[in-house]
Each structure stands twice: as structure tokens, then as C-alpha cells.
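Chemist: For reference, this is my_file38.pdb, and it has PDB, C-alpha atoms, pLDDT in the B column.
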```pdb
ATOM      1  CA  MET A1114     -60.358   2.307  -9.406  1.00 75.00           C
ATOM      2  CA  GLU A1115     -56.979   2.074  -7.662  1.00 80.00           C
ATOM      3  CA  ASP A1116     -56.638   2.508  -3.913  1.00 89.00           C
ATOM      4  CA  GLU A1117     -53.707   3.056  -1.569  1.00 92.00           C
ATOM      5  CA  VAL A1118     -53.495  -0.666  -0.742  1.00 94.00           C
ATOM      6  CA  GLU A1119     -53.050  -1.534  -4.407  1.00 94.00           C
ATOM      7  CA  ARG A1120     -50.105   0.862  -4.628  1.00 94.00           C
ATOM      8  CA  LEU A1121     -48.638  -0.507  -1.382  1.00 94.00           C
ATOM      9  CA  VAL A1122     -48.956  -4.132  -2.532  1.00 95.00           C
ATOM     10  CA  ALA A1123     -47.497  -3.329  -5.956  1.00 95.00           C
ATOM     11  CA  GLY A1124     -44.443  -1.861  -4.256  1.00 96.00           C
ATOM     12  CA  TRP A1125     -44.004  -4.947  -2.074  1.00 96.00           C
ATOM     13  CA  ARG A1126     -44.456  -7.290  -5.053  1.00 96.00           C
ATOM     14  CA  GLN A1127     -41.664  -5.446  -6.810  1.00 96.00           C
ATOM     15  CA  ALA A1128     -39.426  -5.466  -3.708  1.00 97.00           C
ATOM     16  CA  LEU A1129     -40.169  -9.076  -2.708  1.00 96.00           C
ATOM     17  CA  PRO A1130     -41.547 -10.933  -5.743  1.00 96.00           C
ATOM     18  CA  ASP A1131     -41.304 -14.353  -4.061  1.00 97.00           C
ATOM     19  CA  VAL A1132     -43.677 -13.428  -1.190  1.00 96.00           C
ATOM     20  CA  ASN A1133     -47.443 -14.008  -1.450  1.00 96.00           C
ATOM     21  CA  MET A1134     -48.957 -10.551  -0.896  1.00 95.00           C
ATOM     22  CA  SER A1135     -52.627 -11.628  -1.027  1.00 94.00           C
ATOM     23  CA  PRO A1136     -53.096 -11.322   2.765  1.00 95.00           C
ATOM     24  CA  LEU A1137     -52.043  -7.663   2.533  1.00 94.00           C
ATOM     25  CA  GLU A1138     -54.621  -7.035  -0.198  1.00 93.00           C
ATOM     26  CA  VAL A1139     -57.412  -8.082   2.164  1.00 94.00           C
ATOM     27  CA  LEU A1140     -56.233  -7.247   5.661  1.00 95.00           C
ATOM     28  CA  SER A1141     -54.669  -3.876   4.863  1.00 95.00           C
ATOM     29  CA  ARG A1142     -58.083  -2.825   3.549  1.00 94.00           C
ATOM     30  CA  VAL A1143     -59.762  -4.196   6.677  1.00 95.00           C
ATOM     31  CA  THR A1144     -57.300  -2.207   8.803  1.00 95.00           C
ATOM     32  CA  ARG A1145     -57.960   0.973   6.835  1.00 94.00           C
ATOM     33  CA  LEU A1146     -61.708   0.423   7.041  1.00 94.00           C
ATOM     34  CA  ALA A1147     -61.497  -0.157  10.809  1.00 94.00           C
ATOM     35  CA  HIS A1148     -59.613   3.123  11.180  1.00 95.00           C
ATOM     36  CA  HIS A1149     -62.254   5.024   9.179  1.00 93.00           C
ATOM     37  CA  LEU A1150     -65.075   3.348  11.094  1.00 94.00           C
ATOM     38  CA  GLU A1151     -63.540   4.210  14.457  1.00 94.00           C
ATOM     39  CA  ARG A1152     -63.299   7.871  13.451  1.00 95.00           C
ATOM     40  CA  GLN A1153     -66.895   7.890  12.197  1.00 94.00           C
ATOM     41  CA  ARG A1154     -68.225   6.133  15.281  1.00 95.00           C
ATOM     42  CA  SER A1155     -66.327   8.424  17.641  1.00 96.00           C
ATOM     43  CA  ALA A1156     -67.776  11.480  15.878  1.00 96.00           C
ATOM     44  CA  ILE A1157     -71.317  10.101  16.040  1.00 96.00           C
ATOM     45  CA  PHE A1158     -71.026   9.063  19.694  1.00 97.00           C
ATOM     46  CA  ALA A1159     -69.635  12.496  20.589  1.00 97.00           C
ATOM     47  CA  ARG A1160     -72.911  14.037  19.349  1.00 96.00           C
ATOM     48  CA  TYR A1161     -74.605  12.203  22.222  1.00 96.00           C
ATOM     49  CA  ASP A1162     -71.845  12.890  24.756  1.00 96.00           C
ATOM     50  CA  LEU A1163     -70.733   9.259  24.565  1.00 97.00           C
ATOM     51  CA  GLU A1164     -67.446   7.503  23.937  1.00 95.00           C
ATOM     52  CA  THR A1165     -67.042   4.102  22.270  1.00 93.00           C
ATOM     53  CA  TRP A1166     -66.708   2.365  25.644  1.00 93.00           C
ATOM     54  CA  THR A1167     -69.781   4.099  27.099  1.00 95.00           C
ATOM     55  CA  PHE A1168     -71.766   3.107  24.028  1.00 96.00           C
ATOM     56  CA  ASP A1169     -70.594  -0.511  24.470  1.00 95.00           C
ATOM     57  CA  VAL A1170     -71.773  -0.704  28.086  1.00 96.00           C
ATOM     58  CA  LEU A1171     -75.053   1.103  27.477  1.00 97.00           C
ATOM     59  CA  SER A1172     -75.837  -0.955  24.380  1.00 96.00           C
ATOM     60  CA  ALA A1173     -75.166  -4.216  26.253  1.00 96.00           C
ATOM     61  CA  LEU A1174     -77.800  -3.157  28.787  1.00 97.00           C
ATOM     62  CA  ARG A1175     -80.208  -1.953  26.099  1.00 98.00           C
ATOM     63  CA  ARG A1176     -80.054  -5.184  24.073  1.00 97.00           C
ATOM     64  CA  VAL A1177     -81.191  -7.396  26.970  1.00 96.00           C
ATOM     65  CA  GLY A1178     -84.606  -5.738  26.981  1.00 95.00           C
ATOM     66  CA  PRO A1179     -86.679  -4.589  29.942  1.00 96.00           C
ATOM     67  CA  PRO A1180     -85.724  -3.926  32.661  1.00 95.00           C
ATOM     68  CA  TYR A1181     -82.384  -3.269  30.856  1.00 97.00           C
ATOM     69  CA  GLU A1182     -80.375  -4.774  33.660  1.00 96.00           C
ATOM     70  CA  LEU A1183     -77.303  -7.016  33.966  1.00 95.00           C
ATOM     71  CA  SER A1184     -74.828  -8.017  36.617  1.00 93.00           C
ATOM     72  CA  PRO A1185     -71.327  -6.533  36.424  1.00 91.00           C
ATOM     73  CA  GLY A1186     -70.066 -10.031  35.516  1.00 90.00           C
ATOM     74  CA  GLN A1187     -72.451 -10.211  32.573  1.00 92.00           C
ATOM     75  CA  LEU A1188     -71.269  -6.786  31.443  1.00 93.00           C
ATOM     76  CA  LEU A1189     -67.659  -7.967  31.736  1.00 90.00           C
ATOM     77  CA  ALA A1190     -68.393 -10.919  29.450  1.00 88.00           C
ATOM     78  CA  GLN A1191     -70.009  -8.693  26.833  1.00 87.00           C
ATOM     79  CA  THR A1192     -67.447  -5.892  26.857  1.00 85.00           C
ATOM     80  CA  MET A1193     -64.265  -7.920  27.456  1.00 83.00           C
ATOM     81  CA  VAL A1194     -62.630  -5.631  30.030  1.00 87.00           C
ATOM     82  CA  THR A1195     -61.185  -6.306  33.483  1.00 87.00           C
ATOM     83  CA  SER A1196     -63.316  -6.034  36.605  1.00 88.00           C
ATOM     84  CA  GLY A1197     -61.356  -2.958  37.749  1.00 90.00           C
ATOM     85  CA  THR A1198     -61.976  -1.265  34.410  1.00 91.00           C
ATOM     86  CA  MET A1199     -65.659  -2.144  34.585  1.00 92.00           C
ATOM     87  CA  THR A1200     -65.946  -0.718  38.105  1.00 92.00           C
ATOM     88  CA  ASN A1201     -64.433   2.564  36.906  1.00 94.00           C
ATOM     89  CA  ARG A1202     -66.728   2.627  33.897  1.00 94.00           C
ATOM     90  CA  LEU A1203     -69.805   1.983  36.007  1.00 96.00           C
ATOM     91  CA  ASN A1204     -68.778   4.724  38.453  1.00 96.00           C
ATOM     92  CA  HIS A1205     -68.440   7.147  35.557  1.00 96.00           C
ATOM     93  CA  LEU A1206     -71.750   6.129  33.962  1.00 97.00           C
ATOM     94  CA  GLU A1207     -73.581   6.300  37.274  1.00 97.00           C
ATOM     95  CA  GLN A1208     -72.213   9.795  37.993  1.00 97.00           C
ATOM     96  CA  ARG A1209     -73.539  10.878  34.592  1.00 97.00           C
ATOM     97  CA  GLY A1210     -76.970   9.416  35.312  1.00 97.00           C
ATOM     98  CA  LEU A1211     -76.791   6.857  32.502  1.00 98.00           C
ATOM     99  CA  VAL A1212     -76.927   3.741  34.720  1.00 98.00           C
ATOM    100  CA  ARG A1213     -77.992   2.969  38.250  1.00 97.00           C
ATOM    101  CA  ARG A1214     -76.605   0.246  40.504  1.00 96.00           C
ATOM    102  CA  LYS A1215     -78.889  -1.524  42.937  1.00 94.00           C
ATOM    103  CA  PRO A1216     -78.697  -4.587  45.158  1.00 92.00           C
ATOM    104  CA  ASP A1217     -79.602  -7.883  43.522  1.00 86.00           C
ATOM    105  CA  PRO A1218     -82.891  -9.019  45.116  1.00 86.00           C
ATOM    106  CA  LYS A1219     -81.854 -12.673  44.665  1.00 86.00           C
ATOM    107  CA  ASP A1220     -78.376 -12.297  46.187  1.00 84.00           C
ATOM    108  CA  ALA A1221     -77.636  -9.604  48.780  1.00 80.00           C
ATOM    109  CA  ARG A1222     -73.890  -9.864  48.037  1.00 84.00           C
ATOM    110  CA  SER A1223     -74.388  -8.875  44.382  1.00 88.00           C
ATOM    111  CA  ILE A1224     -75.548  -5.844  42.491  1.00 92.00           C
ATOM    112  CA  ARG A1225     -77.427  -5.240  39.265  1.00 95.00           C
ATOM    113  CA  VAL A1226     -76.711  -2.453  36.808  1.00 97.00           C
ATOM    114  CA  ARG A1227     -79.756  -0.853  35.208  1.00 97.00           C
ATOM    115  CA  LEU A1228     -79.919   1.479  32.239  1.00 98.00           C
ATOM    116  CA  THR A1229     -81.670   4.753  33.106  1.00 98.00           C
ATOM    117  CA  ALA A1230     -84.194   6.451  30.819  1.00 98.00           C
ATOM    118  CA  ASN A1231     -81.531   9.021  29.934  1.00 97.00           C
ATOM    119  CA  GLY A1232     -79.036   6.261  29.111  1.00 98.00           C
ATOM    120  CA  ARG A1233     -81.612   4.469  26.993  1.00 98.00           C
ATOM    121  CA  ARG A1234     -82.462   7.627  25.037  1.00 97.00           C
ATOM    122  CA  ARG A1235     -78.814   8.359  24.335  1.00 97.00           C
ATOM    123  CA  VAL A1236     -77.872   4.852  23.233  1.00 98.00           C
ATOM    124  CA  ASP A1237     -81.003   4.542  21.058  1.00 98.00           C
ATOM    125  CA  ASN A1238     -80.373   7.876  19.322  1.00 98.00           C
ATOM    126  CA  ALA A1239     -76.669   7.143  18.855  1.00 98.00           C
ATOM    127  CA  LEU A1240     -77.426   3.744  17.315  1.00 98.00           C
ATOM    128  CA  LYS A1241     -80.017   5.191  14.933  1.00 98.00           C
ATOM    129  CA  ASP A1242     -77.516   7.820  13.815  1.00 97.00           C
ATOM    130  CA  LEU A1243     -74.773   5.183  13.533  1.00 97.00           C
ATOM    131  CA  VAL A1244     -76.686   2.793  11.280  1.00 97.00           C
ATOM    132  CA  VAL A1245     -77.707   5.636   8.948  1.00 96.00           C
ATOM    133  CA  ARG A1246     -74.041   6.630   8.577  1.00 95.00           C
ATOM    134  CA  GLU A1247     -72.802   3.069   8.192  1.00 95.00           C
ATOM    135  CA  ASP A1248     -75.526   2.339   5.638  1.00 96.00           C
ATOM    136  CA  ALA A1249     -74.193   5.297   3.642  1.00 94.00           C
ATOM    137  CA  LEU A1250     -70.651   3.902   3.898  1.00 92.00           C
ATOM    138  CA  LEU A1251     -71.905   0.671   2.329  1.00 95.00           C
ATOM    139  CA  SER A1252     -73.934   2.416  -0.380  1.00 95.00           C
ATOM    140  CA  GLY A1253     -71.586   1.107  -3.091  1.00 95.00           C
ATOM    141  CA  LEU A1254     -72.739  -2.441  -2.328  1.00 97.00           C
ATOM    142  CA  ASN A1255     -76.123  -3.945  -3.113  1.00 97.00           C
ATOM    143  CA  GLU A1256     -77.923  -6.154  -0.578  1.00 97.00           C
ATOM    144  CA  GLU A1257     -76.500  -9.378  -2.011  1.00 98.00           C
ATOM    145  CA  GLN A1258     -72.946  -8.016  -1.925  1.00 97.00           C
ATOM    146  CA  ARG A1259     -73.434  -6.862   1.663  1.00 97.00           C
ATOM    147  CA  SER A1260     -74.649 -10.312   2.618  1.00 97.00           C
ATOM    148  CA  VAL A1261     -71.686 -12.016   0.942  1.00 97.00           C
ATOM    149  CA  LEU A1262     -69.224  -9.613   2.570  1.00 96.00           C
ATOM    150  CA  ALA A1263     -70.827 -10.137   5.995  1.00 96.00           C
ATOM    151  CA  LYS A1264     -70.568 -13.931   5.622  1.00 97.00           C
ATOM    152  CA  LEU A1265     -66.942 -13.784   4.494  1.00 96.00           C
ATOM    153  CA  LEU A1266     -65.939 -11.462   7.334  1.00 94.00           C
ATOM    154  CA  LYS A1267     -67.731 -13.758   9.785  1.00 94.00           C
ATOM    155  CA  ILE A1268     -65.567 -16.664   8.611  1.00 95.00           C
ATOM    156  CA  VAL A1269     -62.426 -14.621   9.334  1.00 93.00           C
ATOM    157  CA  VAL A1270     -63.574 -13.105  12.657  1.00 92.00           C
ATOM    158  CA  ALA A1271     -65.435 -16.045  14.251  1.00 91.00           C
ATOM    159  CA  PRO A1272     -62.311 -17.951  15.365  1.00 91.00           C
ATOM    160  CA  PHE A1273     -61.168 -14.897  17.358  1.00 86.00           C
ATOM    161  CA  ASP A1274     -64.557 -14.570  19.035  1.00 78.00           C
ATOM    162  CA  SER A1275     -64.576 -18.201  20.143  1.00 75.00           C
ATOM    163  CA  SER A1276     -61.148 -18.078  21.810  1.00 62.00           C
TER     164      SER A1276
END
```
Taking this structure as input, can you express it in the form of C-alpha cells?
Modeler:
Amino acid sequence: MEDEVERLVAGWRQALPDVNMSPLEVLSRVTRLAHHLERQRSAIFARYDLETWTFDVLSALRRVGPPYELSPGQLLAQTMVTSGTMTNRLNHLEQRGLVRRKPDPKDARSIRVRLTANGRRRVDNALKDLVVREDALLSGLNEEQRSVLAKLLKIVVAPFDSS
């Protein structure tokens, strides 16, 4: 089975035979996969009136468990955006009734962001839909192959996550 990357790499090998094209064989496929995944995820999130960024914020709150609450600083660390961006996102999510901000009982100068029942329902349903679709995307791989691929991708991605 030939794919577009194979054709692309073959052309480059012919044009520049002295250059090692093996990185293109891997990373061009990762790039193409990321593009397809982003389109799939956007379509799934849209079913729940969510965007990728809203899903990220809501899922960060959902994963911490009851009472599904974090400080804005903790949300910043998990979503890797600026404080101004986070403020805008929280304003938007609060207006939509997906989160609620309240004073921090331990520090009057701080606030806590809490996932509402509506926010929890949406993020839960979107995630369930997402994993069904992504499981289908990986249907060509058995469990052992999925595990190997996950471990190999972790080796490549981990250095970026630690910096």
C-alpha cells in the first residue's frame, strides 16, 4: 500500500540522493495524521457546541475530579496559554454556563474555576464520542501495535513536554 508520503519521499530521493530522507518518512506522516485528527476532533466537538480550546479547559477541570475545580494558574499550566487568553476563555465559558468562577475560600485575593453540570455533561459526551472515533481510526492496528506506537511516539514527544 503506497501513500502520499512515499511518493513525496521518492521524489526527494531522486532530486537529492545524498540527503537522508528517513525523517520525512516518519514526520510527514505524523503531520498528515495530526491534520486529519484536528479535523475529526473539531467535527466531534462541534456536535457538542465546543471548540478544541473549550474542550481543553473543560477536560482539565473534569480530570481533577470532584468538585471539578482549579485555579486559573493551574488551568494555565495545563493548557499552556497566556493569562490574558485564559481570562478571555473563562469569560466565554462562564457566559455559556459551562464554568463558574468563585472566590477561593483559602485566599480572598484568588478565585477558583468550577465546572458546571452542563459543562461536565458536554465534555463527558464529547470525550466518549471522540474515543469511539479515534478507536476506529486505529482499527488497522492490534493492541500490541497500538502499545508499541504509543511508546515510540512518547519517546519523540516527551522532550518537548519537559521543556
Chemist: If I take atom CA of A:Asp1220 and atom CA of A:Ala1173, how far is one from the other in Å, to one decimal?
Modeler: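 Interatomic distance here is 21.7 Å.
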Chemist: Which of these residues is nearest to A:Val1270, using all atoms listed in the file: A:His1148, A:Leu1140, A:Lys1215, A:Arg1154?
Modeler: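 Under the stated criterion, the closest residue is A:Leu1140.
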Chemist: Which is closer to A:Asp1242 than all the others in A:Arg1160, A:Ala1221, A:Leu1174, A:Arg1227, using all atoms listed in the file?
Modeler: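 Comparing A:Arg1160, A:Ala1221, A:Leu1174, A:Arg1227 against A:Asp1242, the winner is A:Arg1160.
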Chemist: For A:Leu1171, which residue among A:Ser1223, A:Asn1238, A:Ser1141, A:Ser1252 is the nearest when counting only C-alpha atoms?
Modeler: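 Residue with the minimum atom-to-atom distance to A:Leu1171: A:Asn1238.
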Chemist: Just the number, please: distance in Å from atom CA of A:Leu1228 to atom CA of A:Arg1175, one decimal.
Modeler: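 Distance reported for this atom pair: 7.0 Å.
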Chemist: Which polymer residues have any atom within 9 Å of an atom of stretch 1115-1118 of chain A, counting all atoms listed in the file, with same-chain residues fewer than 4 positions away left out, as JSON, numbers by chain?
Modeler: {"A": [1122, 1123, 1137, 1138, 1139, 1141, 1142, 1145]}
Chemist: Any chance you can output those residues with C-alpha atoms as a tab-separated table (two decimals), keeping the file's coordinate frame?
Modeler:
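Resulting contents of result.tsv:
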```tsv
chain	number	residue	atom	x	y	z
A	1122	VAL	CA	-48.96	-4.13	-2.53
A	1123	ALA	CA	-47.50	-3.33	-5.96
A	1137	LEU	CA	-52.04	-7.66	2.53
A	1138	GLU	CA	-54.62	-7.04	-0.20
A	1139	VAL	CA	-57.41	-8.08	2.16
A	1141	SER	CA	-54.67	-3.88	4.86
A	1142	ARG	CA	-58.08	-2.82	3.55
A	1145	ARG	CA	-57.96	0.97	6.84
```
Chemist: Would you mind reading off the distance between atom CA of A:Gly1253 and atom CA of A:Phe1158, one decimal, in Å?
Modeler: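 Answer for the atom CA of A:Gly1253 to atom CA of A:Phe1158 separation: 24.1 Å.
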Chemist: Could you tell me, as a PDB file with C-alpha atoms, in the coordinates of the input, which residues have any atom at most 12 Å from (-85.4, -2.6, 31.0), counting only C-alpha atoms?
Modeler:
```pdb
ATOM      1  CA  LEU A1171     -75.053   1.103  27.477  1.00 97.00           C
ATOM      2  CA  SER A1172     -75.837  -0.955  24.380  1.00 96.00           C
ATOM      3  CA  ALA A1173     -75.166  -4.216  26.253  1.00 96.00           C
ATOM      4  CA  LEU A1174     -77.800  -3.157  28.787  1.00 97.00           C
ATOM      5  CA  ARG A1175     -80.208  -1.953  26.099  1.00 98.00           C
ATOM      6  CA  ARG A1176     -80.054  -5.184  24.073  1.00 97.00           C
ATOM      7  CA  VAL A1177     -81.191  -7.396  26.970  1.00 96.00           C
ATOM      8  CA  GLY A1178     -84.606  -5.738  26.981  1.00 95.00           C
ATOM      9  CA  PRO A1179     -86.679  -4.589  29.942  1.00 96.00           C
ATOM     10  CA  PRO A1180     -85.724  -3.926  32.661  1.00 95.00           C
ATOM     11  CA  TYR A1181     -82.384  -3.269  30.856  1.00 97.00           C
ATOM     12  CA  GLU A1182     -80.375  -4.774  33.660  1.00 96.00           C
ATOM     13  CA  LEU A1183     -77.303  -7.016  33.966  1.00 95.00           C
ATOM     14  CA  VAL A1212     -76.927   3.741  34.720  1.00 98.00           C
ATOM     15  CA  ARG A1213     -77.992   2.969  38.250  1.00 97.00           C
ATOM     16  CA  ARG A1225     -77.427  -5.240  39.265  1.00 95.00           C
ATOM     17  CA  VAL A1226     -76.711  -2.453  36.808  1.00 97.00           C
ATOM     18  CA  ARG A1227     -79.756  -0.853  35.208  1.00 97.00           C
ATOM     19  CA  LEU A1228     -79.919   1.479  32.239  1.00 98.00           C
ATOM     20  CA  THR A1229     -81.670   4.753  33.106  1.00 98.00           C
ATOM     21  CA  ALA A1230     -84.194   6.451  30.819  1.00 98.00           C
ATOM     22  CA  GLY A1232     -79.036   6.261  29.111  1.00 98.00           C
ATOM     23  CA  ARG A1233     -81.612   4.469  26.993  1.00 98.00           C
TER      24      ARG A1233
END
```
Chemist: Which residues are near A:Arg1202? Cut-off 9 Å, only C-alpha atoms, ignore same chain within fewer than 4 positions. Put them as a VMD selection string.
Modeler: chain A and resid 1166 to 1167 1170 1197 to 1198 1206 to 1207
Chemist: Counting all atoms listed in the file, what is within 12 Å of A:Ala1190, bar same-chain residues fewer than 5 positions away, as a PyMOL selection string?
Modeler: chain A and resi 1169-1170+1173+1183-1185+1195-1196+1199+1274
Chemist: Grab all the atoms of stretch 1248-1257 of chain A that the file lists, wrap them in a box along x, y and z, add 4 Å per side, and give me centre plus edge lengths in Å (one decimal) as lines of an AutoDock Vina configuration file.
Modeler:
```
center_x = -74.3
center_y = -2.0
center_z = 1.3
size_x = 15.3
size_y = 22.7
size_z = 16.8
```
Chemist: Can you list, as a PyMOL selection string, every protein, DNA or RNA residue that comes within 12 Å of A:Leu1250 when you count all atoms listed in the file, leaving out same-chain residues fewer than 6 positions away?
Modeler: chain A and resi 1146+1149-1150+1153-1154+1243-1244+1259
Chemist: Would you write out those residues with C-alpha atoms, as an mmCIF file, keeping the file's coordinate frame?
Modeler:
```cif
data_model
loop_
_atom_site.group_PDB
_atom_site.id
_atom_site.type_symbol
_atom_site.label_atom_id
_atom_site.label_comp_id
_atom_site.auth_asym_id
_atom_site.auth_seq_id
_atom_site.Cartn_x
_atom_site.Cartn_y
_atom_site.Cartn_z
ATOM 1 C CA LEU A 1146 -61.708 0.423 7.041
ATOM 2 C CA HIS A 1149 -62.254 5.024 9.179
ATOM 3 C CA LEU A 1150 -65.075 3.348 11.094
ATOM 4 C CA GLN A 1153 -66.895 7.890 12.197
ATOM 5 C CA ARG A 1154 -68.225 6.133 15.281
ATOM 6 C CA LEU A 1243 -74.773 5.183 13.533
ATOM 7 C CA VAL A 1244 -76.686 2.793 11.280
ATOM 8 C CA ARG A 1259 -73.434 -6.862 1.663
#
```
